[in-house]
$ cat final.pdb   # PDB, C-alpha atoms
ATOM      1  CA  MET A   1      -0.112 -22.942  18.246
ATOM      2  CA  THR A   2      -1.338 -19.729  19.819
ATOM      3  CA  CYS A   3      -4.940 -18.547  19.692
ATOM      4  CA  MET A   4      -3.929 -15.904  17.130
ATOM      5  CA  GLU A   5      -2.569 -18.630  14.881
ATOM      6  CA  TRP A   6      -5.740 -20.629  15.290
ATOM      7  CA  ARG A   7      -7.708 -17.510  14.417
ATOM      8  CA  GLU A   8      -5.798 -17.223  11.172
ATOM      9  CA  VAL A   9      -7.032 -20.705  10.366
ATOM     10  CA  LEU A  10     -10.601 -19.826  11.369
ATOM     11  CA  SER A  11     -10.485 -16.665   9.284
ATOM     12  CA  ALA A  12      -9.136 -18.581   6.282
ATOM     13  CA  GLU A  13     -11.831 -21.192   6.824
ATOM     14  CA  LEU A  14     -14.505 -18.497   6.599
ATOM     15  CA  ASP A  15     -13.034 -17.588   3.203
ATOM     16  CA  GLY A  16     -12.793 -21.182   2.039
ATOM     17  CA  GLU A  17      -9.010 -20.885   2.062
ATOM     18  CA  ALA A  18      -8.056 -23.281   4.874
ATOM     19  CA  ALA A  19      -6.629 -26.725   4.203
ATOM     20  CA  PRO A  20      -8.859 -29.616   5.342
ATOM     21  CA  ASP A  21      -6.366 -30.874   7.910
ATOM     22  CA  GLU A  22      -6.080 -27.371   9.354
ATOM     23  CA  SER A  23      -9.822 -27.199   9.754
ATOM     24  CA  SER A  24     -10.024 -30.489  11.579
ATOM     25  CA  ARG A  25      -7.251 -29.468  13.980
ATOM     26  CA  ALA A  26      -8.929 -26.089  14.498
ATOM     27  CA  ALA A  27     -12.165 -27.894  15.366
ATOM     28  CA  ALA A  28     -10.331 -29.729  18.108
ATOM     29  CA  HIS A  29      -8.961 -26.443  19.434
ATOM     30  CA  LEU A  30     -12.407 -24.871  19.379
ATOM     31  CA  ARG A  31     -13.778 -27.566  21.660
ATOM     32  CA  ALA A  32     -11.318 -26.422  24.294
ATOM     33  CA  CYS A  33     -11.241 -22.636  23.700
ATOM     34  CA  ALA A  34     -14.299 -20.502  24.331
ATOM     35  CA  ALA A  35     -12.527 -17.307  23.190
ATOM     36  CA  CYS A  36     -11.804 -18.746  19.747
ATOM     37  CA  ARG A  37     -15.360 -20.040  19.508
ATOM     38  CA  GLY A  38     -16.477 -16.481  20.158
ATOM     39  CA  PHE A  39     -14.088 -15.231  17.487
ATOM     40  CA  LYS A  40     -15.410 -17.682  14.915
ATOM     41  CA  ALA A  41     -19.031 -16.730  15.590
ATOM     42  CA  GLY A  42     -18.089 -13.053  15.703
ATOM     43  CA  ILE A  43     -16.351 -12.855  12.336
ATOM     44  CA  ALA A  44     -19.244 -14.634  10.656
ATOM     45  CA  GLY A  45     -21.602 -12.016  12.106
ATOM     46  CA  ASP A  46     -19.248  -9.193  11.157
ATOM     47  CA  ARG A  47     -19.265 -10.386   7.560
ATOM     48  CA  LEU A  48     -23.026  -9.858   7.479
ATOM     49  CA  GLN A  49     -22.549  -6.355   8.847
ATOM     50  CA  LEU A  50     -19.863  -5.608   6.251
ATOM     51  CA  ARG A  51     -22.269  -6.568   3.504
ATOM     52  CA  SER A  52     -24.526  -3.732   4.636
ATOM     53  CA  TRP A  53     -21.925  -1.353   3.157
ATOM     54  CA  SER A  54     -23.028  -1.557  -0.433
ATOM     55  CA  ASP A  55     -21.220  -0.197  -3.490
ATOM     56  CA  GLU A  56     -21.432   3.513  -4.147
ATOM     57  CA  PRO A  57     -22.547   4.392  -7.677
ATOM     58  CA  LEU A  58     -20.007   6.059  -9.906
ATOM     59  CA  PRO A  59     -20.403   9.834 -10.088
ATOM     60  CA  ALA A  60     -22.534  10.859 -13.068
ATOM     61  CA  SER A  61     -19.619  12.271 -15.034
ATOM     62  CA  ARG A  62     -17.797   8.941 -14.894
ATOM     63  CA  ALA A  63     -20.898   6.850 -15.385
ATOM     64  CA  ARG A  64     -21.474   8.602 -18.702
ATOM     65  CA  ALA A  65     -17.961   7.774 -19.858
ATOM     66  CA  ALA A  66     -18.970   4.240 -20.605
ATOM     67  CA  THR A  67     -15.911   3.363 -22.658
ATOM     68  CA  LEU A  68     -12.220   4.024 -22.428
ATOM     69  CA  GLY A  69     -12.369   5.531 -25.891
ATOM     70  CA  GLY A  70     -15.115   7.857 -24.700
ATOM     71  CA  VAL A  71     -12.980   8.984 -21.804
ATOM     72  CA  ALA A  72     -10.073   9.749 -24.105
ATOM     73  CA  ALA A  73     -12.293  11.579 -26.593
ATOM     74  CA  ALA A  74     -13.819  13.686 -23.832
ATOM     75  CA  ALA A  75     -10.365  14.597 -22.586
ATOM     76  CA  ILE A  76      -9.264  15.699 -26.061
ATOM     77  CA  LEU A  77     -12.409  17.799 -26.443
ATOM     78  CA  MET A  78     -11.802  19.466 -23.082
ATOM     79  CA  ILE A  79      -8.218  20.233 -24.030
ATOM     80  CA  ALA A  80      -9.422  21.862 -27.246
ATOM     81  CA  ILE A  81     -11.954  23.959 -25.329
ATOM     82  CA  GLY A  82      -9.287  24.957 -22.848
ATOM     83  CA  PHE A  83      -6.957  25.986 -25.647
ATOM     84  CA  LEU A  84      -9.621  28.108 -27.312
ATOM     85  CA  ALA A  85     -10.672  29.639 -23.990
ATOM     86  CA  GLY A  86      -7.054  30.510 -23.288
ATOM     87  CA  ARG A  87      -6.735  32.239 -26.664
ATOM     88  CA  ALA A  88      -9.989  34.131 -26.185
ATOM     89  CA  THR A  89      -9.081  35.499 -22.771
ATOM     90  CA  ARG A  90      -5.442  36.297 -23.458
ATOM     91  CA  PRO A  91      -4.982  40.112 -23.529
ATOM     92  CA  GLU A  92      -2.691  40.012 -26.543
ATOM     93  CA  PRO A  93      -2.394  37.314 -29.130
ATOM     94  CA  SER A  94       0.555  35.157 -28.297
ATOM     95  CA  LEU A  95       1.969  31.766 -29.060
ATOM     96  CA  ALA A  96       3.225  31.440 -25.515
ATOM     97  CA  PRO A  97       2.018  28.337 -23.674
ATOM     98  CA  ALA A  98      -0.923  28.680 -21.327
ATOM     99  CA  PRO A  99      -0.116  29.473 -17.679
ATOM    100  CA  ARG A 100       0.793  26.407 -15.660
ATOM    101  CA  GLN A 101      -2.103  26.713 -13.252
ATOM    102  CA  ASP A 102      -4.610  26.530 -16.126
ATOM    103  CA  VAL A 103      -3.068  23.384 -17.455
ATOM    104  CA  GLY A 104      -2.786  21.873 -14.012
ATOM    105  CA  ILE A 105       0.053  19.485 -14.693
ATOM    106  CA  ASP A 106       2.610  19.532 -11.934
ATOM    107  CA  GLU A 107       6.140  18.400 -12.463
ATOM    108  CA  PRO A 108       6.389  15.683  -9.833
ATOM    109  CA  LEU A 109       2.991  14.360 -10.699
ATOM    110  CA  ALA A 110       3.762  14.094 -14.381
ATOM    111  CA  ARG A 111       5.827  11.073 -13.434
ATOM    112  CA  PRO A 112       3.263   8.598 -12.127
ATOM    113  CA  ALA A 113       4.036   5.188 -10.730
ATOM    114  CA  ALA A 114       3.349   3.636 -14.087
ATOM    115  CA  PRO A 115       5.534   5.412 -16.644
ATOM    116  CA  ALA A 116       3.437   4.105 -19.493
ATOM    117  CA  ALA A 117       0.625   6.386 -18.366
ATOM    118  CA  GLN A 118       2.631   9.528 -19.028
ATOM    119  CA  GLY A 119       1.366  11.848 -21.661
ATOM    120  CA  ARG A 120      -2.186  10.641 -21.538
ATOM    121  CA  ALA A 121      -4.650  13.262 -20.463
ATOM    122  CA  ALA A 122      -7.758  11.462 -19.335
ATOM    123  CA  ALA A 123      -9.357  13.429 -16.550
ATOM    124  CA  SER A 124     -10.610  16.955 -16.480
ATOM    125  CA  ARG A 125     -12.321  19.074 -13.893
ATOM    126  CA  LEU A 126     -14.002  22.446 -13.630
ATOM    127  CA  GLU A 127     -12.191  24.554 -11.068
ATOM    128  CA  PRO A 128     -14.106  26.933  -8.769
ATOM    129  CA  GLN A 129     -12.713  29.939 -10.668
ATOM    130  CA  GLY A 130     -14.208  28.593 -13.852
ATOM    131  CA  SER A 131     -10.941  27.623 -15.515
ATOM    132  CA  LEU A 132     -10.706  24.189 -16.981
ATOM    133  CA  ARG A 133      -8.209  21.928 -15.321
ATOM    134  CA  PHE A 134      -6.538  18.925 -16.865
ATOM    135  CA  GLU A 135      -4.696  16.225 -15.026
ATOM    136  CA  MET A 136      -2.309  13.579 -16.148
ATOM    137  CA  VAL A 137      -3.440  10.047 -15.677
ATOM    138  CA  GLY A 138      -1.877   8.676 -12.542
ATOM    139  CA  ALA A 139      -1.150  12.174 -11.406
ATOM    140  CA  VAL A 140      -3.858  13.248  -9.025
ATOM    141  CA  ASP A 141      -2.771  16.432  -7.304
ATOM    142  CA  PRO A 142      -2.879  15.968  -3.529
ATOM    143  CA  GLU A 143      -2.505  19.693  -2.847
ATOM    144  CA  ARG A 144      -5.667  20.573  -4.662
ATOM    145  CA  THR A 145      -7.788  17.748  -3.410
ATOM    146  CA  PRO A 146      -9.977  18.071  -0.329
ATOM    147  CA  MET A 147      -8.770  15.122   1.664
ATOM    148  CA  GLY A 148     -10.929  12.804   3.647
ATOM    149  CA  ARG A 149      -8.590  10.642   5.623
ATOM    150  CA  LEU A 150      -5.300   8.864   5.335
ATOM    151  CA  PRO A 151      -4.553   5.225   5.764
TER     152      PRO A 151
ATOM    153  CA  MET B   1      -5.034 -10.902 -25.021
ATOM    154  CA  PRO B   2      -7.784  -9.582 -22.714
ATOM    155  CA  ASP B   3      -9.831  -6.614 -23.805
ATOM    156  CA  ALA B   4      -9.124  -3.459 -21.763
ATOM    157  CA  GLU B   5     -12.375  -1.918 -22.931
ATOM    158  CA  LEU B   6     -14.327  -4.891 -21.655
ATOM    159  CA  ALA B   7     -12.431  -4.828 -18.370
ATOM    160  CA  TYR B   8     -13.250  -1.137 -17.975
ATOM    161  CA  GLY B   9     -16.952  -1.839 -18.396
ATOM    162  CA  GLU B  10     -16.898  -4.768 -16.013
ATOM    163  CA  HIS B  11     -14.659  -3.533 -13.246
ATOM    164  CA  ARG B  12     -14.649   0.255 -13.062
ATOM    165  CA  LEU B  13     -17.414   0.402 -10.443
ATOM    166  CA  GLN B  14     -15.603  -2.133  -8.275
ATOM    167  CA  VAL B  15     -12.287  -0.340  -8.654
ATOM    168  CA  PHE B  16     -13.913   2.975  -7.732
ATOM    169  CA  ASN B  17     -15.391   1.346  -4.614
ATOM    170  CA  TYR B  18     -12.041  -0.242  -3.772
ATOM    171  CA  PHE B  19     -10.555   3.254  -3.587
ATOM    172  CA  ARG B  20     -13.501   4.540  -1.549
ATOM    173  CA  ARG B  21     -13.308   1.672   0.933
ATOM    174  CA  CYS B  22      -9.605   2.244   1.285
ATOM    175  CA  GLY B  23     -10.469   5.657   2.659
ATOM    176  CA  LEU B  24     -10.045   7.946  -0.353
ATOM    177  CA  PRO B  25     -12.441  10.841  -0.980
ATOM    178  CA  GLY B  26     -14.814  10.504  -3.914
ATOM    179  CA  ASP B  27     -13.057  12.879  -6.305
ATOM    180  CA  VAL B  28      -9.679  11.227  -5.733
ATOM    181  CA  ALA B  29     -11.277   7.799  -6.124
ATOM    182  CA  GLU B  30     -12.729   8.916  -9.450
ATOM    183  CA  ASP B  31      -9.411  10.148 -10.756
ATOM    184  CA  LEU B  32      -7.486   7.107  -9.594
ATOM    185  CA  THR B  33     -10.065   4.845 -11.224
ATOM    186  CA  GLN B  34      -9.462   6.627 -14.522
ATOM    187  CA  SER B  35      -5.713   6.382 -14.011
ATOM    188  CA  THR B  36      -5.955   2.681 -13.268
ATOM    189  CA  PHE B  37      -7.719   1.870 -16.515
ATOM    190  CA  ALA B  38      -5.545   4.189 -18.560
ATOM    191  CA  THR B  39      -2.537   2.270 -17.243
ATOM    192  CA  LEU B  40      -4.309  -0.997 -18.006
ATOM    193  CA  LEU B  41      -4.856   0.156 -21.580
ATOM    194  CA  GLU B  42      -1.170   1.007 -21.891
ATOM    195  CA  THR B  43       0.160  -2.168 -20.333
ATOM    196  CA  ILE B  44      -2.337  -4.862 -21.209
ATOM    197  CA  GLY B  45       0.030  -6.214 -23.847
ATOM    198  CA  ARG B  46       2.420  -7.131 -21.051
ATOM    199  CA  TYR B  47      -0.192  -8.963 -18.986
ATOM    200  CA  GLU B  48       0.574 -12.685 -18.682
ATOM    201  CA  PRO B  49      -2.417 -14.838 -17.665
ATOM    202  CA  ALA B  50      -0.058 -17.543 -16.400
ATOM    203  CA  ARG B  51       1.127 -15.173 -13.679
ATOM    204  CA  GLY B  52      -2.301 -14.395 -12.265
ATOM    205  CA  SER B  53      -5.834 -13.283 -13.006
ATOM    206  CA  LEU B  54      -6.693 -10.104 -14.878
ATOM    207  CA  VAL B  55      -8.650  -8.899 -11.847
ATOM    208  CA  GLY B  56      -5.543  -9.273  -9.718
ATOM    209  CA  TYR B  57      -3.556  -7.408 -12.351
ATOM    210  CA  ILE B  58      -6.078  -4.544 -12.359
ATOM    211  CA  TYR B  59      -6.033  -4.225  -8.571
ATOM    212  CA  GLY B  60      -2.247  -4.352  -8.660
ATOM    213  CA  ILE B  61      -2.313  -1.282 -10.895
ATOM    214  CA  ALA B  62      -4.905   0.335  -8.634
ATOM    215  CA  ARG B  63      -2.731  -0.302  -5.587
ATOM    216  CA  ASN B  64       0.275   1.283  -7.288
ATOM    217  CA  HIS B  65      -1.715   4.400  -8.102
ATOM    218  CA  ARG B  66      -3.065   4.579  -4.553
ATOM    219  CA  ARG B  67       0.393   4.291  -3.035
ATOM    220  CA  ALA B  68       1.828   6.832  -5.464
ATOM    221  CA  PHE B  69      -0.933   9.231  -4.495
ATOM    222  CA  TRP B  70      -0.199   8.905  -0.769
ATOM    223  CA  ARG B  71       3.532   9.213  -1.289
ATOM    224  CA  THR B  72       3.051  12.477  -3.119
ATOM    225  CA  PHE B  73       0.510  13.711  -0.603
ATOM    226  CA  ARG B  74       2.782  13.013   2.344
ATOM    227  CA  ARG B  75       5.790  14.563   0.670
ATOM    228  CA  ARG B  76       3.900  17.742  -0.086
ATOM    229  CA  GLN B  77       1.677  18.084   2.951
ATOM    230  CA  GLY B  78       3.950  16.653   5.629
ATOM    231  CA  PRO B  79       3.167  14.279   8.464
ATOM    232  CA  GLU B  80       1.338  16.955  10.457
ATOM    233  CA  ALA B  81      -1.204  17.306   7.650
ATOM    234  CA  GLU B  82      -1.560  13.553   7.634
ATOM    235  CA  ALA B  83      -2.344  13.551  11.326
ATOM    236  CA  ALA B  84      -4.861  16.351  10.855
ATOM    237  CA  CYS B  85      -6.657  14.383   8.160
ATOM    238  CA  VAL B  86      -7.081  11.253  10.209
ATOM    239  CA  GLU B  87     -10.537  11.192  11.606
ATOM    240  CA  PRO B  88     -11.454   9.131  14.630
ATOM    241  CA  ALA B  89     -13.645   6.142  13.933
ATOM    242  CA  ARG B  90     -17.144   7.461  14.108
ATOM    243  CA  GLY B  91     -20.681   6.559  13.448
ATOM    244  CA  ASN B  92     -23.112   4.977  15.796
ATOM    245  CA  ALA B  93     -26.029   6.490  13.975
ATOM    246  CA  ASP B  94     -26.623   3.362  11.934
ATOM    247  CA  THR B  95     -24.975   0.115  11.021
ATOM    248  CA  VAL B  96     -23.441   1.300   7.767
ATOM    249  CA  ALA B  97     -21.812   4.314   9.396
ATOM    250  CA  MET B  98     -20.497   2.085  12.156
ATOM    251  CA  VAL B  99     -19.108  -0.461   9.696
ATOM    252  CA  ARG B 100     -17.553   2.260   7.578
ATOM    253  CA  GLY B 101     -15.904   3.817  10.610
ATOM    254  CA  ALA B 102     -14.603   0.434  11.751
ATOM    255  CA  VAL B 103     -13.122  -0.384   8.335
ATOM    256  CA  GLU B 104     -11.569   3.067   8.055
ATOM    257  CA  SER B 105      -9.848   2.576  11.393
ATOM    258  CA  LEU B 106      -7.928  -0.493  10.208
ATOM    259  CA  GLN B 107      -4.220  -0.414   9.428
ATOM    260  CA  ASP B 108      -3.780   0.192   5.688
ATOM    261  CA  ASP B 109      -2.401  -3.142   4.434
ATOM    262  CA  ARG B 110      -4.842  -5.089   6.591
ATOM    263  CA  ARG B 111      -7.754  -2.973   5.431
ATOM    264  CA  GLU B 112      -6.791  -3.370   1.792
ATOM    265  CA  ALA B 113      -6.517  -7.142   2.137
ATOM    266  CA  LEU B 114      -9.896  -7.323   3.863
ATOM    267  CA  VAL B 115     -11.551  -5.036   1.307
ATOM    268  CA  LEU B 116     -10.154  -7.052  -1.592
ATOM    269  CA  ARG B 117     -11.453 -10.222   0.007
ATOM    270  CA  GLU B 118     -14.828  -9.155   1.386
ATOM    271  CA  PHE B 119     -15.966  -6.628  -1.183
ATOM    272  CA  GLN B 120     -13.995  -7.322  -4.329
ATOM    273  CA  GLY B 121     -14.119 -11.112  -3.947
ATOM    274  CA  LEU B 122     -10.450 -11.806  -4.661
ATOM    275  CA  SER B 123      -8.842 -15.072  -3.594
ATOM    276  CA  TYR B 124      -5.884 -15.094  -1.206
ATOM    277  CA  ALA B 125      -3.586 -15.902  -4.128
ATOM    278  CA  GLU B 126      -4.889 -12.902  -6.070
ATOM    279  CA  ILE B 127      -4.509 -10.612  -3.053
ATOM    280  CA  ALA B 128      -0.968 -11.908  -2.565
ATOM    281  CA  ALA B 129      -0.216 -10.928  -6.163
ATOM    282  CA  VAL B 130      -1.763  -7.484  -5.681
ATOM    283  CA  GLN B 131       0.138  -6.789  -2.467
ATOM    284  CA  ASP B 132       3.267  -8.588  -3.648
ATOM    285  CA  VAL B 133       3.550 -10.660  -0.473
ATOM    286  CA  PRO B 134       3.301 -14.401   0.308
ATOM    287  CA  ILE B 135      -0.143 -15.930   0.784
ATOM    288  CA  GLY B 136       0.659 -16.503   4.458
ATOM    289  CA  THR B 137       1.028 -12.755   4.923
ATOM    290  CA  VAL B 138      -2.346 -12.171   3.295
ATOM    291  CA  ARG B 139      -3.905 -14.739   5.575
ATOM    292  CA  SER B 140      -2.364 -13.077   8.602
ATOM    293  CA  ARG B 141      -3.402  -9.578   7.492
ATOM    294  CA  ILE B 142      -6.998 -10.621   6.938
ATOM    295  CA  ALA B 143      -7.200 -12.424  10.277
ATOM    296  CA  ARG B 144      -5.779  -9.418  12.104
ATOM    297  CA  ALA B 145      -8.072  -7.079  10.227
ATOM    298  CA  ARG B 146     -10.970  -9.195  11.437
ATOM    299  CA  GLU B 147      -9.674  -9.101  15.002
ATOM    300  CA  ASP B 148      -9.410  -5.314  14.857
ATOM    301  CA  LEU B 149     -12.763  -4.999  13.142
ATOM    302  CA  ARG B 150     -14.340  -7.149  15.859
ATOM    303  CA  ALA B 151     -13.015  -4.867  18.550
ATOM    304  CA  GLN B 152     -14.195  -1.728  16.737
ATOM    305  CA  LEU B 153     -17.655  -3.080  16.054
ATOM    306  CA  GLN B 154     -18.038  -4.262  19.626
ATOM    307  CA  ARG B 155     -17.083  -0.798  20.847
ATOM    308  CA  GLY B 156     -19.602   0.689  18.421
ATOM    309  CA  GLU B 157     -22.347  -1.640  19.596
ATOM    310  CA  ALA B 158     -21.586  -0.838  23.214
ATOM    311  CA  ALA B 159     -21.810   2.893  22.517
ATOM    312  CA  ARG B 160     -25.258   2.630  20.948
TER     313      ARG B 160
END

$ encode --input "final.pdb" --output "structure tokens"
Amino acid sequence: MTCMEWREVLSAELDGEAAPDESSRAAAHLRACAACRGFKAGIAGDRLQLRSWSDEPLPASRARAATLGGVAAAAILMIAIGFLAGRATRPEPSLAPAPRQDVGIDEPLARPAAPAAQGRAAASRLEPQGSLRFEMVGAVDPERTPMGRLP
Amino acid sequence: MPDAELAYGEHRLQVFNYFRRCGLPGDVAEDLTQSTFATLLETIGRYEPARGSLVGYIYGIARNHRRAFWRTFRRRQGPEAEAACVEPARGNADTVAMVRGAVESLQDDRREALVLREFQGLSYAEIAAVQDVPIGTVRSRIARAREDLRAQLQRGEAAR
């Protein structure tokens, strides 16, 4: 076995996922390999450092939505407000649908990875211009999102 | 059948932090968390406990939403935008910034496997179900993530 293969065993051992016979053979390798001993000590120390990265709290808007039902109800309320706002600001009364950009549902994104999620509006957001924006579940719009980084 | 409402209460914070630790900005992480649980609500009737844990099932949904998001982003923004968004590993100011930078620098599948193990507490079998790969692949990804993390953290320490 190569050192990389032994390190897979050592890593699995740290997680309690190595078989007992693997561990005993790895122990024999460690007696002869200083680099792998360093790796084993290093990953144990790194785990402690990782733990320093604690959970971020949920943003307040999401923390308040304590139930799935609450999320759905909030979304329905926001849709109703958006509909009324659209009627109030429309120059002439019309039954025409609201402009696409106010609804914020984009064609490609209305087909999320999980088809069952289609048709469920569950997230809303206040746009900088003050218009209410609604998004389909599973359909986050990458064009309108300030990106951090990519994998 | 498991209760989606209960799962939402128990796991939404962890799912949100899974997205954050996989490098997504906060607002995207919020939206994908909502999407994940909406999908869970829709599909929970199809969940089969014999095929894996509910936690693994939830992170499987989360992974699908994350991948769908990136696919759409790359299609719309193009690879040049992707390159422009990638930030160099940074942060020697304190340990957390250094750790965050080191985790962010990892290759995506390795980082996800490590995050699911170290922060979300999933077993290798559960991670294998989430990533839809054999357990041996999970083991290899986590070990390589740790190798890469080691190198990054050592560089960070040296730069302090």

$ resolve_selection --input "final.pdb" --expression "the ChimeraX specification (/A :<6) & /B" --output "list of chain:residue names"
B:Glu5, B:Pro25, B:Ser35, B:Thr39, B:Ala68, B:Phe73, B:Cys85, B:Val86, B:Val96, B:Asp108, B:Ser140, B:Ala143

$ write_last_selection --input "final.pdb" --atoms "C-alpha atoms" --output "PDB file, in the coordinates of the input"
ATOM      1  CA  GLU B   5     -12.375  -1.918 -22.931  1.00  0.00           C
ATOM      2  CA  PRO B  25     -12.441  10.841  -0.980  1.00  0.00           C
ATOM      3  CA  SER B  35      -5.713   6.382 -14.011  1.00  0.00           C
ATOM      4  CA  THR B  39      -2.537   2.270 -17.243  1.00  0.00           C
ATOM      5  CA  ALA B  68       1.828   6.832  -5.464  1.00  0.00           C
ATOM      6  CA  PHE B  73       0.510  13.711  -0.603  1.00  0.00           C
ATOM      7  CA  CYS B  85      -6.657  14.383   8.160  1.00  0.00           C
ATOM      8  CA  VAL B  86      -7.081  11.253  10.209  1.00  0.00           C
ATOM      9  CA  VAL B  96     -23.441   1.300   7.767  1.00  0.00           C
ATOM     10  CA  ASP B 108      -3.780   0.192   5.688  1.00  0.00           C
ATOM     11  CA  SER B 140      -2.364 -13.077   8.602  1.00  0.00           C
ATOM     12  CA  ALA B 143      -7.200 -12.424  10.277  1.00  0.00           C
TER      13      ALA B 143
END

$ resolve_selection --input "final.pdb" --expression "the PyMOL selection byres ((chain B and resi 110) around 12)" --output "number ranges by chain"
A: 151; B: 22, 103-109, 111-118, 127, 131, 137-149

$ write_last_selection --input "final.pdb" --atoms "C-alpha atoms" --output "mmCIF file, in the frame of the given file"
data_model
loop_
_atom_site.group_PDB
_atom_site.id
_atom_site.type_symbol
_atom_site.label_atom_id
_atom_site.label_comp_id
_atom_site.auth_asym_id
_atom_site.auth_seq_id
_atom_site.Cartn_x
_atom_site.Cartn_y
_atom_site.Cartn_z
ATOM 1 C CA PRO A 151 -4.553 5.225 5.764
ATOM 2 C CA CYS B 22 -9.605 2.244 1.285
ATOM 3 C CA VAL B 103 -13.122 -0.384 8.335
ATOM 4 C CA GLU B 104 -11.569 3.067 8.055
ATOM 5 C CA SER B 105 -9.848 2.576 11.393
ATOM 6 C CA LEU B 106 -7.928 -0.493 10.208
ATOM 7 C CA GLN B 107 -4.220 -0.414 9.428
ATOM 8 C CA ASP B 108 -3.780 0.192 5.688
ATOM 9 C CA ASP B 109 -2.401 -3.142 4.434
ATOM 10 C CA ARG B 111 -7.754 -2.973 5.431
ATOM 11 C CA GLU B 112 -6.791 -3.370 1.792
ATOM 12 C CA ALA B 113 -6.517 -7.142 2.137
ATOM 13 C CA LEU B 114 -9.896 -7.323 3.863
ATOM 14 C CA VAL B 115 -11.551 -5.036 1.307
ATOM 15 C CA LEU B 116 -10.154 -7.052 -1.592
ATOM 16 C CA ARG B 117 -11.453 -10.222 0.007
ATOM 17 C CA GLU B 118 -14.828 -9.155 1.386
ATOM 18 C CA ILE B 127 -4.509 -10.612 -3.053
ATOM 19 C CA GLN B 131 0.138 -6.789 -2.467
ATOM 20 C CA THR B 137 1.028 -12.755 4.923
ATOM 21 C CA VAL B 138 -2.346 -12.171 3.295
ATOM 22 C CA ARG B 139 -3.905 -14.739 5.575
ATOM 23 C CA SER B 140 -2.364 -13.077 8.602
ATOM 24 C CA ARG B 141 -3.402 -9.578 7.492
ATOM 25 C CA ILE B 142 -6.998 -10.621 6.938
ATOM 26 C CA ALA B 143 -7.200 -12.424 10.277
ATOM 27 C CA ARG B 144 -5.779 -9.418 12.104
ATOM 28 C CA ALA B 145 -8.072 -7.079 10.227
ATOM 29 C CA ARG B 146 -10.970 -9.195 11.437
ATOM 30 C CA GLU B 147 -9.674 -9.101 15.002
ATOM 31 C CA ASP B 148 -9.410 -5.314 14.857
ATOM 32 C CA LEU B 149 -12.763 -4.999 13.142
#

$ atom_distance --input "final.pdb" --atom1 "CA of Arg155 in chain B" --atom2 "CA of Cys3 in chain A"
21.5 Å

$ closest_residue --input "final.pdb" --among "B:Pro49, B:Gly78, B:Gly101, B:Gly121" --to "Tyr18 in chain B" --atoms "all atoms listed in the file"
B:Gly121

$ resolve_selection --input "final.pdb" --expression "the PyMOL selection byres ((chain B and resi 19) around 9)" --output "list in words"
Gln14, Val15, Phe16, Asn17, Tyr18, Arg20, Arg21, Cys22, Gly23, Leu24, Pro25, Gly26, Val28, Ala29, Glu30, Leu32, Thr33, Ala62, Arg63 and Arg66 of chain B

$ atom_distance --input "final.pdb" --atom1 "CA of Tyr8 in chain B" --atom2 "CA of Ile61 in chain B"
13.0 Å

$ atom_distance --input "final.pdb" --atom1 "CA of Gly136 in chain B" --atom2 "CA of Arg25 in chain A"
17.9 Å

$ residues_around --input "final.pdb" --residues "Gly60 in chain B" --least-positions-apart "3" --cutoff "10 Å" --atoms "all atoms listed in the file" --output "PyMOL selection string"
chain B and resi 36+54-57+63-66+126-132

$ axis_aligned_box --input "final.pdb" --around "range 24-35 of chain A" --padding-each-side "3 Å" --output "AutoDock Vina command-line options"
--center_x -10.8 --center_y -23.9 --center_z 18.0 --size_x 13.0 --size_y 19.2 --size_z 18.8

$ decode --input "final.pdb" --residues "range 12-21 of chain B" --atoms "N, CA and C atoms" --output "PDB file, in the first residue's frame"
ATOM      1  N   ARG B  12     -33.029  22.732   9.865  1.00  0.00           N
ATOM      2  CA  ARG B  12     -32.875  23.855   8.934  1.00  0.00           C
ATOM      3  C   ARG B  12     -31.595  24.648   9.191  1.00  0.00           C
ATOM      4  N   LEU B  13     -31.217  24.804  10.470  1.00  0.00           N
ATOM      5  CA  LEU B  13     -29.986  25.544  10.759  1.00  0.00           C
ATOM      6  C   LEU B  13     -28.770  24.810  10.191  1.00  0.00           C
ATOM      7  N   GLN B  14     -28.762  23.481  10.353  1.00  0.00           N
ATOM      8  CA  GLN B  14     -27.642  22.702   9.842  1.00  0.00           C
ATOM      9  C   GLN B  14     -27.595  22.727   8.314  1.00  0.00           C
ATOM     10  N   VAL B  15     -28.760  22.676   7.702  1.00  0.00           N
ATOM     11  CA  VAL B  15     -28.786  22.699   6.230  1.00  0.00           C
ATOM     12  C   VAL B  15     -28.307  24.056   5.720  1.00  0.00           C
ATOM     13  N   PHE B  16     -28.759  25.122   6.380  1.00  0.00           N
ATOM     14  CA  PHE B  16     -28.291  26.465   6.014  1.00  0.00           C
ATOM     15  C   PHE B  16     -26.765  26.541   6.116  1.00  0.00           C
ATOM     16  N   ASN B  17     -26.211  25.993   7.198  1.00  0.00           N
ATOM     17  CA  ASN B  17     -24.756  26.048   7.388  1.00  0.00           C
ATOM     18  C   ASN B  17     -24.014  25.102   6.443  1.00  0.00           C
ATOM     19  N   TYR B  18     -24.676  24.032   6.030  1.00  0.00           N
ATOM     20  CA  TYR B  18     -24.085  23.184   4.979  1.00  0.00           C
ATOM     21  C   TYR B  18     -23.876  24.008   3.711  1.00  0.00           C
ATOM     22  N   PHE B  19     -24.892  24.763   3.312  1.00  0.00           N
ATOM     23  CA  PHE B  19     -24.754  25.587   2.109  1.00  0.00           C
ATOM     24  C   PHE B  19     -23.669  26.648   2.294  1.00  0.00           C
ATOM     25  N   ARG B  20     -23.619  27.263   3.450  1.00  0.00           N
ATOM     26  CA  ARG B  20     -22.620  28.301   3.710  1.00  0.00           C
ATOM     27  C   ARG B  20     -21.213  27.709   3.650  1.00  0.00           C
ATOM     28  N   ARG B  21     -21.041  26.535   4.256  1.00  0.00           N
ATOM     29  CA  ARG B  21     -19.694  25.951   4.293  1.00  0.00           C
ATOM     30  C   ARG B  21     -19.294  25.376   2.943  1.00  0.00           C
TER      31      ARG B  21
END
